[in-house]
$ cat work.cif   # mmCIF, C-alpha atoms
data_input
loop_
_atom_site.group_PDB
_atom_site.id
_atom_site.type_symbol
_atom_site.label_atom_id
_atom_site.label_comp_id
_atom_site.auth_asym_id
_atom_site.auth_seq_id
_atom_site.Cartn_x
_atom_site.Cartn_y
_atom_site.Cartn_z
ATOM 1 C CA MET A 1 51.692 163.575 122.246
ATOM 2 C CA VAL A 2 52.713 166.064 119.591
ATOM 3 C CA ARG A 3 52.899 163.369 116.903
ATOM 4 C CA ALA A 4 49.450 162.008 117.785
ATOM 5 C CA LEU A 5 47.872 165.461 117.657
ATOM 6 C CA GLN A 6 49.579 166.228 114.364
ATOM 7 C CA ALA A 7 48.401 162.932 112.894
ATOM 8 C CA GLY A 8 44.820 163.767 113.818
ATOM 9 C CA GLY A 9 45.045 166.993 111.840
ATOM 10 C CA GLN A 10 42.351 168.728 113.892
ATOM 11 C CA PHE A 11 44.574 170.984 115.959
ATOM 12 C CA LYS A 12 47.547 173.216 115.429
ATOM 13 C CA VAL A 13 50.137 172.121 117.978
ATOM 14 C CA ARG A 14 52.182 174.389 120.217
ATOM 15 C CA ALA A 15 54.978 172.648 122.087
ATOM 16 C CA LEU A 16 56.218 174.212 125.319
ATOM 17 C CA THR A 17 59.818 173.802 126.415
ATOM 18 C CA ARG A 18 62.427 175.512 128.568
ATOM 19 C CA ASN A 19 64.816 175.390 125.593
ATOM 20 C CA PRO A 20 62.946 176.256 122.371
ATOM 21 C CA ASP A 21 66.152 176.667 120.349
ATOM 22 C CA GLU A 22 66.840 172.949 120.852
ATOM 23 C CA HIS A 23 63.392 171.828 119.687
ATOM 24 C CA ARG A 24 62.401 174.083 116.778
ATOM 25 C CA GLU A 25 61.328 171.146 114.616
ATOM 26 C CA LEU A 26 59.057 169.610 117.259
ATOM 27 C CA ALA A 27 55.797 171.351 116.347
ATOM 28 C CA GLU A 28 54.180 174.135 114.337
ATOM 29 C CA GLU A 29 54.906 176.472 117.235
ATOM 30 C CA VAL A 30 57.645 175.992 119.823
ATOM 31 C CA VAL A 31 57.361 178.380 122.750
ATOM 32 C CA GLU A 32 59.435 178.890 125.856
ATOM 33 C CA ALA A 33 57.728 177.974 129.124
ATOM 34 C CA ASN A 34 58.935 176.887 132.538
ATOM 35 C CA LEU A 35 56.668 175.369 135.185
ATOM 36 C CA ASN A 36 58.947 176.794 137.862
ATOM 37 C CA ARG A 37 58.445 180.297 136.456
ATOM 38 C CA PRO A 38 54.664 180.855 136.335
ATOM 39 C CA GLU A 39 55.113 184.207 134.633
ATOM 40 C CA THR A 40 56.184 182.342 131.474
ATOM 41 C CA LEU A 41 52.935 180.388 131.272
ATOM 42 C CA LYS A 42 50.537 183.238 130.462
ATOM 43 C CA ALA A 43 51.961 183.846 126.987
ATOM 44 C CA ALA A 44 52.539 180.127 126.452
ATOM 45 C CA PHE A 45 48.839 179.326 126.946
ATOM 46 C CA ALA A 46 47.441 182.441 125.236
ATOM 47 C CA GLY A 47 44.905 181.566 122.553
ATOM 48 C CA ALA A 48 45.093 177.817 123.183
ATOM 49 C CA TYR A 49 41.946 175.686 123.069
ATOM 50 C CA GLY A 50 43.466 172.899 125.142
ATOM 51 C CA VAL A 51 46.431 172.155 127.375
ATOM 52 C CA PHE A 52 48.064 168.806 128.119
ATOM 53 C CA LEU A 53 50.170 168.828 131.280
ATOM 54 C CA VAL A 54 52.573 166.309 132.766
ATOM 55 C CA THR A 55 55.095 166.990 135.516
ATOM 56 C CA ASN A 56 58.353 165.142 136.212
ATOM 57 C CA PHE A 57 58.547 163.869 139.786
ATOM 58 C CA TRP A 58 62.057 162.518 139.255
ATOM 59 C CA GLU A 59 63.668 165.812 138.278
ATOM 60 C CA GLU A 60 65.598 167.152 141.228
ATOM 61 C CA GLY A 61 63.781 169.923 143.071
ATOM 62 C CA THR A 62 60.402 169.308 141.427
ATOM 63 C CA ASP A 63 57.323 170.325 143.413
ATOM 64 C CA GLU A 64 54.537 168.791 141.335
ATOM 65 C CA LEU A 65 51.712 170.362 143.301
ATOM 66 C CA ARG A 66 53.173 173.837 142.953
ATOM 67 C CA GLN A 67 53.984 173.390 139.262
ATOM 68 C CA ALA A 68 50.571 171.965 138.384
ATOM 69 C CA THR A 69 48.709 174.595 140.395
ATOM 70 C CA ALA A 70 50.542 177.342 138.527
ATOM 71 C CA ALA A 71 49.744 175.720 135.188
ATOM 72 C CA VAL A 72 46.057 175.228 136.018
ATOM 73 C CA ARG A 73 45.709 178.856 137.100
ATOM 74 C CA ALA A 74 47.508 180.147 134.018
ATOM 75 C CA ALA A 75 45.376 177.975 131.725
ATOM 76 C CA LYS A 76 42.185 179.135 133.383
ATOM 77 C CA ASP A 77 43.245 182.791 133.130
ATOM 78 C CA ALA A 78 44.092 182.269 129.448
ATOM 79 C CA GLY A 79 40.593 180.968 128.691
ATOM 80 C CA VAL A 80 41.660 177.392 127.928
ATOM 81 C CA LYS A 81 38.590 175.224 127.295
ATOM 82 C CA HIS A 82 39.964 171.679 127.738
ATOM 83 C CA PHE A 83 42.617 170.714 130.276
ATOM 84 C CA VAL A 84 44.157 167.225 130.168
ATOM 85 C CA TRP A 85 46.193 166.194 133.206
ATOM 86 C CA SER A 86 48.484 163.153 133.300
ATOM 87 C CA THR A 87 47.737 161.669 136.701
ATOM 88 C CA LEU A 88 48.322 158.421 138.605
ATOM 89 C CA PRO A 89 46.354 156.442 141.199
ATOM 90 C CA ASN A 90 46.192 157.767 144.771
ATOM 91 C CA VAL A 91 48.067 155.016 146.573
ATOM 92 C CA GLU A 92 47.408 156.467 150.017
ATOM 93 C CA VAL A 93 43.644 156.436 149.482
ATOM 94 C CA ILE A 94 43.544 153.061 147.725
ATOM 95 C CA SER A 95 45.636 151.375 150.429
ATOM 96 C CA SER A 96 44.090 153.309 153.356
ATOM 97 C CA GLY A 97 47.516 154.717 154.157
ATOM 98 C CA ARG A 98 49.334 151.367 154.178
ATOM 99 C CA PHE A 99 51.636 152.228 151.280
ATOM 100 C CA HIS A 100 53.525 155.445 150.616
ATOM 101 C CA VAL A 101 54.376 155.990 146.924
ATOM 102 C CA PRO A 102 54.847 159.763 146.447
ATOM 103 C CA HIS A 103 55.424 159.641 142.697
ATOM 104 C CA PHE A 104 51.907 158.210 142.329
ATOM 105 C CA THR A 105 50.010 160.027 145.071
ATOM 106 C CA GLY A 106 51.617 163.400 144.351
ATOM 107 C CA LYS A 107 50.061 163.452 140.899
ATOM 108 C CA ALA A 108 46.698 162.213 142.209
ATOM 109 C CA LYS A 109 46.535 165.139 144.616
ATOM 110 C CA VAL A 110 46.495 167.522 141.654
ATOM 111 C CA ASP A 111 43.218 166.032 140.373
ATOM 112 C CA ARG A 112 41.154 168.099 142.808
ATOM 113 C CA ILE A 113 42.809 171.326 141.627
ATOM 114 C CA VAL A 114 41.957 170.498 138.010
ATOM 115 C CA LYS A 115 38.341 169.687 138.926
ATOM 116 C CA GLU A 116 37.881 172.841 140.989
ATOM 117 C CA ALA A 117 39.164 175.071 138.175
ATOM 118 C CA ARG A 118 35.925 174.269 136.328
ATOM 119 C CA PHE A 119 37.237 174.210 132.789
ATOM 120 C CA ALA A 120 34.588 173.660 130.147
ATOM 121 C CA TYR A 121 36.194 170.210 129.723
ATOM 122 C CA HIS A 122 38.784 168.307 131.722
ATOM 123 C CA THR A 123 40.232 164.827 131.325
ATOM 124 C CA PHE A 124 42.574 162.639 133.349
ATOM 125 C CA VAL A 125 44.895 160.270 131.503
ATOM 126 C CA ILE A 126 46.866 157.592 133.355
ATOM 127 C CA ALA A 127 50.199 156.338 132.081
ATOM 128 C CA PRO A 128 50.900 152.639 132.798
ATOM 129 C CA PHE A 129 53.975 150.767 133.918
ATOM 130 C CA PHE A 130 56.022 151.394 130.770
ATOM 131 C CA TYR A 131 57.092 148.399 128.729
ATOM 132 C CA GLN A 132 60.171 150.561 128.170
ATOM 133 C CA ASN A 133 61.085 150.233 131.868
ATOM 134 C CA LEU A 134 62.105 146.638 131.155
ATOM 135 C CA VAL A 135 64.805 147.736 128.716
ATOM 136 C CA GLY A 136 65.662 150.884 130.707
ATOM 137 C CA PRO A 137 65.847 151.438 134.478
ATOM 138 C CA LEU A 138 64.518 147.936 135.190
ATOM 139 C CA ALA A 139 66.429 146.075 132.501
ATOM 140 C CA PRO A 140 67.433 142.487 133.357
ATOM 141 C CA GLN A 141 70.629 142.208 135.387
ATOM 142 C CA LYS A 142 73.101 139.388 135.918
ATOM 143 C CA GLN A 143 72.020 137.385 138.959
ATOM 144 C CA GLU A 144 74.083 135.455 141.520
ATOM 145 C CA ASP A 145 73.385 132.181 139.732
ATOM 146 C CA GLY A 146 74.772 133.549 136.471
ATOM 147 C CA THR A 147 71.414 134.031 134.738
ATOM 148 C CA PHE A 148 70.066 137.368 133.566
ATOM 149 C CA GLY A 149 66.745 138.510 134.911
ATOM 150 C CA TRP A 150 65.026 140.385 137.680
ATOM 151 C CA ALA A 151 65.293 140.408 141.469
ATOM 152 C CA LEU A 152 62.312 142.425 142.704
ATOM 153 C CA PRO A 153 60.184 142.669 145.858
ATOM 154 C CA ILE A 154 56.966 141.309 144.377
ATOM 155 C CA ASP A 155 55.335 137.881 144.247
ATOM 156 C CA PRO A 156 55.875 136.885 140.591
ATOM 157 C CA THR A 157 52.649 134.853 140.541
ATOM 158 C CA VAL A 158 50.449 137.870 141.327
ATOM 159 C CA ARG A 159 48.928 139.576 138.308
ATOM 160 C CA GLY A 160 49.191 143.199 139.367
ATOM 161 C CA VAL A 161 50.970 145.209 136.681
ATOM 162 C CA HIS A 162 48.954 147.294 134.204
ATOM 163 C CA MET A 163 51.462 147.831 131.395
ATOM 164 C CA GLY A 164 51.722 149.657 128.107
ATOM 165 C CA ASP A 165 53.864 151.254 125.426
ATOM 166 C CA ILE A 166 54.140 154.834 126.660
ATOM 167 C CA THR A 167 54.501 156.142 123.106
ATOM 168 C CA GLU A 168 50.817 155.224 122.615
ATOM 169 C CA LEU A 169 49.514 157.524 125.359
ATOM 170 C CA GLY A 170 49.345 160.322 122.808
ATOM 171 C CA ASN A 171 46.525 158.530 120.993
ATOM 172 C CA ILE A 172 44.336 158.806 124.103
ATOM 173 C CA VAL A 173 45.176 162.461 124.650
ATOM 174 C CA ALA A 174 44.532 163.388 121.028
ATOM 175 C CA GLY A 175 41.277 161.435 121.113
ATOM 176 C CA ALA A 176 40.178 163.209 124.274
ATOM 177 C CA PHE A 177 40.776 166.633 122.741
ATOM 178 C CA ALA A 178 38.884 165.579 119.609
ATOM 179 C CA GLN A 179 35.914 164.110 121.546
ATOM 180 C CA PRO A 180 35.354 166.407 124.545
ATOM 181 C CA ASP A 181 31.712 165.475 125.011
ATOM 182 C CA GLU A 182 32.712 161.841 125.559
ATOM 183 C CA ALA A 183 36.042 162.323 127.313
ATOM 184 C CA GLY A 184 36.001 165.817 128.788
ATOM 185 C CA ASN A 185 33.748 165.425 131.801
ATOM 186 C CA GLY A 186 36.353 164.289 134.287
ATOM 187 C CA GLU A 187 36.846 160.831 132.788
ATOM 188 C CA TYR A 188 39.866 158.761 133.802
ATOM 189 C CA LEU A 189 41.489 157.175 130.750
ATOM 190 C CA PRO A 190 44.290 154.669 131.438
ATOM 191 C CA LEU A 191 46.593 153.295 128.769
ATOM 192 C CA VAL A 192 46.741 149.520 129.278
ATOM 193 C CA GLY A 193 48.160 147.172 126.661
ATOM 194 C CA ASP A 194 48.541 144.222 129.031
ATOM 195 C CA PHE A 195 47.860 143.177 132.625
ATOM 196 C CA MET A 196 50.492 140.715 133.804
ATOM 197 C CA SER A 197 52.398 139.040 136.597
ATOM 198 C CA PHE A 198 56.185 138.963 136.470
ATOM 199 C CA ASN A 199 56.033 135.230 135.802
ATOM 200 C CA GLU A 200 53.937 136.029 132.726
ATOM 201 C CA ILE A 201 56.356 138.773 131.663
ATOM 202 C CA VAL A 202 59.324 136.398 131.927
ATOM 203 C CA ALA A 203 57.452 133.556 130.199
ATOM 204 C CA THR A 204 56.448 135.857 127.321
ATOM 205 C CA LEU A 205 60.070 136.900 126.767
ATOM 206 C CA ASN A 206 61.419 133.368 127.106
ATOM 207 C CA ARG A 207 58.945 132.103 124.501
ATOM 208 C CA GLN A 208 60.555 134.622 122.171
ATOM 209 C CA GLY A 209 64.001 133.117 122.721
ATOM 210 C CA HIS A 210 65.299 134.754 125.898
ATOM 211 C CA LYS A 211 66.447 132.854 128.985
ATOM 212 C CA PHE A 212 65.494 135.242 131.769
ATOM 213 C CA SER A 213 64.934 134.399 135.421
ATOM 214 C CA PHE A 214 63.021 136.000 138.276
ATOM 215 C CA LYS A 215 63.795 136.016 141.980
ATOM 216 C CA GLN A 216 61.622 137.614 144.651
ATOM 217 C CA VAL A 217 63.745 139.520 147.169
ATOM 218 C CA PRO A 218 62.700 140.984 150.536
ATOM 219 C CA ASN A 219 61.643 144.633 150.515
ATOM 220 C CA GLU A 220 64.301 145.668 153.015
ATOM 221 C CA ILE A 221 67.088 144.180 150.867
ATOM 222 C CA PHE A 222 65.831 145.672 147.595
ATOM 223 C CA ALA A 223 65.554 149.077 149.301
ATOM 224 C CA THR A 224 69.364 149.154 149.654
ATOM 225 C CA PHE A 225 70.105 148.462 145.979
ATOM 226 C CA PHE A 226 70.193 152.045 144.646
ATOM 227 C CA PRO A 227 69.033 155.591 145.534
ATOM 228 C CA GLY A 228 65.245 155.662 145.379
ATOM 229 C CA ALA A 229 64.960 151.876 145.702
ATOM 230 C CA ALA A 230 62.972 152.148 148.930
ATOM 231 C CA GLU A 231 60.130 153.902 147.091
ATOM 232 C CA MET A 232 60.337 151.350 144.288
ATOM 233 C CA ALA A 233 60.016 148.552 146.840
ATOM 234 C CA GLU A 234 56.939 150.227 148.272
ATOM 235 C CA MET A 235 55.509 150.592 144.762
ATOM 236 C CA PHE A 236 55.911 146.881 144.031
ATOM 237 C CA ARG A 237 54.291 146.017 147.384
ATOM 238 C CA TYR A 238 51.364 148.219 146.350
ATOM 239 C CA PHE A 239 51.132 146.485 142.945
ATOM 240 C CA GLN A 240 51.009 143.122 144.708
ATOM 241 C CA ALA A 241 48.273 144.192 147.120
ATOM 242 C CA HIS A 242 46.094 146.401 144.917
ATOM 243 C CA THR A 243 47.397 146.292 141.288
ATOM 244 C CA TYR A 244 48.888 149.283 139.464
ATOM 245 C CA LEU A 245 45.522 150.965 138.878
ATOM 246 C CA GLY A 246 44.112 149.946 142.236
ATOM 247 C CA SER A 247 41.048 148.293 140.719
ATOM 248 C CA ASN A 248 40.078 146.276 137.655
ATOM 249 C CA SER A 249 39.255 149.527 135.773
ATOM 250 C CA TYR A 250 37.654 147.565 132.920
ATOM 251 C CA ASP A 251 35.233 150.340 131.993
ATOM 252 C CA GLU A 252 37.892 153.056 132.076
ATOM 253 C CA ILE A 253 40.268 150.987 129.946
ATOM 254 C CA ALA A 254 37.521 150.250 127.409
ATOM 255 C CA LEU A 255 36.620 153.929 127.177
ATOM 256 C CA ALA A 256 40.273 154.910 126.748
ATOM 257 C CA ASN A 257 40.644 152.455 123.861
ATOM 258 C CA LYS A 258 37.451 153.788 122.290
ATOM 259 C CA ILE A 259 38.620 157.387 122.616
ATOM 260 C CA ALA A 260 42.029 156.494 121.159
ATOM 261 C CA ASP A 261 40.310 154.578 118.328
ATOM 262 C CA SER A 262 42.987 151.921 118.652
ATOM 263 C CA GLN A 263 43.880 148.848 120.663
ATOM 264 C CA PRO A 264 47.145 149.321 122.576
ATOM 265 C CA SER A 265 50.026 147.003 121.734
ATOM 266 C CA SER A 266 50.284 143.833 123.787
ATOM 267 C CA PHE A 267 53.536 143.194 125.625
ATOM 268 C CA ALA A 268 54.349 140.239 123.345
ATOM 269 C CA THR A 269 53.885 142.362 120.226
ATOM 270 C CA TRP A 270 56.019 145.198 121.607
ATOM 271 C CA ALA A 271 58.739 142.882 122.876
ATOM 272 C CA ARG A 272 59.243 141.141 119.520
ATOM 273 C CA VAL A 273 60.466 144.453 118.124
ATOM 274 C CA LYS A 274 61.835 146.322 121.130
ATOM 275 C CA PHE A 275 63.303 143.482 123.188
ATOM 276 C CA PRO A 276 65.390 141.571 120.630
ATOM 277 C CA VAL A 277 67.162 138.346 121.514
ATOM 278 C CA ALA A 278 70.912 138.951 121.878
#

$ encode --input "work.cif" --output "structure tokens"
Amino acid sequence: MVRALQAGGQFKVRALTRNPDEHRELAEEVVEANLNRPETLKAAFAGAYGVFLVTNFWEEGTDELRQATAAVRAAKDAGVKHFVWSTLPNVEVISSGRFHVPHFTGKAKVDRIVKEARFAYHTFVIAPFFYQNLVGPLAPQKQEDGTFGWALPIDPTVRGVHMGDITELGNIVAGAFAQPDEAGNGEYLPLVGDFMSFNEIVATLNRQGHKFSFKQVPNEIFATFFPGAAEMAEMFRYFQAHTYLGSNSYDEIALANKIADSQPSSFATWARVKFPVA
């Protein structure tokens, strides 16, 4: 986000961190702020035109609603004009309560707070299923048959995963700040470089020289694999039933690409560089 804003050259960038001494080189200004200590946010937001906020569901003890509410209030009190919130689809609403994916729905529930604050401009950006997940927490594992690949609770023939290179989300955020009349009226701007099934993901990688496999496993078995796996299983069930974004979102994706003034990297393009053949 910082790099994209700096590249645009329109804004001076202030980076907020709990540990400014560790990140002095990150931006023109590096200021201490802690979402769990609202009193630190007033000075952090003072004089700022815009604020970009993302919270970390996976950090132990995080209360995203409380953190985001404190940040919205502090930004409003500081006179911030444009607030950009990194949200996700409301799985409970989209699925009529069938699926429970707190790390999605928790962020979606903040949207109303941002809207009701009545900033001069506000924008919602939506991060995708990271390409990086496939070389990180969801990297291919050795399977029972000796192959390397994935064993996940999703039908691999169903195209349901909106994907992207998360490092490119900054282009959308910077574009939104630079074009508030087009992107600052409550627009939802998702980063989507590709929309794929797991069969297509595996086929793309295997065309590049890999020999990966995919096996669909029952939800109840996957849920026992690791701490937090039950929510991951529910997430994949949601992808299969409704897709990541919950709708085709063609217009939102097109607007996001226009605002970013760039076409996001396809999975094949990213994988050639970031997913090298061993």

$ residues_around --input "work.cif" --residues "segment 172-186 of chain A" --least-positions-apart "5" --cutoff "7 Å" --atoms "only C-alpha atoms" --output "ChimeraX atom specification"
/A:4-5,121-124,256,259-260

$ atom_distance --input "work.cif" --atom1 "atom CA of Phe275 of chain A" --atom2 "atom CA of Arg237 of chain A"
25.9 Å

$ atom_distance --input "work.cif" --atom1 "atom CA of His100 of chain A" --atom2 "atom CA of Arg159 of chain A"
20.6 Å

$ resolve_selection --input "work.cif" --expression "the PyMOL selection byres ((chain A and resi 27) around 10)" --output "ChimeraX atom specification"
/A:2-3,5-6,12-16,23-26,28-31

$ residues_around --input "work.cif" --residues "Glu59 of chain A" --least-positions-apart "5" --cutoff "12 Å" --atoms "all atoms listed in the file" --output "PyMOL selection string"
chain A and resi 36+64+103

$ write_last_selection --input "work.cif" --atoms "C-alpha atoms" --output "PDB file, in the frame of the given file"
ATOM      1  CA  ASN A  36      58.947 176.794 137.862  1.00  0.00           C
ATOM      2  CA  GLU A  64      54.537 168.791 141.335  1.00  0.00           C
ATOM      3  CA  HIS A 103      55.424 159.641 142.697  1.00  0.00           C
TER       4      HIS A 103
END
